[in-house]
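Enquirer: This is the structure I want to talk about, given as structure tokens.
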Amino acid sequence: MARIYALILASSLAFACGDGVVDDKGTEDNPLTDGKDDSFYRPTEHGALRMGIANPATMTDDEQFHAWTFELTGDATIELSTEVSQNLDTVMYLYQRTSPTDSWGRYKKKNDDDGELVSSRIKLEATAGEFRVVVKGFKSALRGTFAVHGECTGDGC
């Protein structure tokens with residue numbers, strides 16, 4: 001009997017210390033998978049992502065997916081992040097296409113949380129091409145304002 005209690009105690013301690021932590025946020029609503037299928041969600045198109053400044057948007061009942069595009073002419077390092085208000089938890093997807101006639105295809109990178117906060121962050125060493133960043137709420141019921149920040153360094157900026 002003492003062995004059973006010891007096993008239960010060890011399992012409980014391992015779980016509490018993070019060895020078996022279950023993501024308490026649950027499962028992401030409407031995850032994006034493929035550029036063609038993702039267009040089903042008809043994101044609100046905001047046009048060109050302006051690097052170095054905030055690109056604001058709001059999650060509403062009618063606007064739950066938001067998209068911006070930008071272009072690189074050569075190699076560069078891209079850093080994208082969301083700044084969120086209230087309890088908004090964002091998920092960011094980054095797509096790339098090398099020709100305007102190509103589809104966006106599958107996302108290249110995805111980020112839910114930046115490691116400490118519910119904001120999203122993507123850093124990528126990228127080559128020339130057209131990019132699209134899509135931001136959505138982790139849960140479809142989330143509402144609030146947010147901004148996308150972009151930084152680009154390198155010859156391709």
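Simple scheme: letters A, B, ... for chains in structure tokens order, numbers from 1 for residues in each chain, numbers from 1 for ligands in the order shown.
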Near segment 99-102 of chain A, within 9 Å and counting only C-alpha atoms, which residues show up once chain neighbours fewer than 3 positions away are dropped, as a VMD selection string?
Expert: chain A and resid 105 129 to 130
Enquirer: Applying 8 Å and only C-alpha atoms, which residues near Phe146 of chain A remain after dropping the ones on its own chain fewer than 5 positions away? List them as a ChimeraX atom specification.
Expert: /A:56-59,82-85,88
Enquirer: I'd like the interatomic distance between atom CA of Leu94 of chain A and atom CA of Val135 of chain A, to a tenth of an Å.
Expert: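 Here the two named atoms are 9.0 Å from each other.
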Enquirer: Can you work out the spacing between atom CA of Ala54 of chain A and atom CA of Thr77 of chain A in Å, to one decimal?
Expert: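 Taking atom CA of Ala54 of chain A as the start and atom CA of Thr77 of chain A as the end point, the length is 18.3 Å.
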Enquirer: Check segment 20-156 of chain A with DSSP on the backbone and list each residue it calls strand (DSSP E), as JSON, numbers by chain.
Expert: {"A": [44, 45, 46, 47, 48, 54, 55, 56, 57, 58, 59, 65, 66, 67, 68, 69, 70, 71, 72, 76, 77, 78, 79, 80, 81, 82, 83, 84, 90, 91, 92, 93, 94, 95, 96, 97, 109, 110, 111, 121, 122, 123, 124, 125, 126, 129, 130, 131, 132, 133, 134, 135, 136, 137, 144, 145, 146, 147, 148, 149, 150, 151, 152, 153]}
Enquirer: Which polymer residues have any atom within 12 Å of an atom of Leu124 of chain A, counting only C-alpha atoms, with same-chain residues fewer than 3 positions away left out, as an MDAnalysis selection string?
Expert: chainID A and resid 75:81 94:96 108:111 121 127 131 150:154
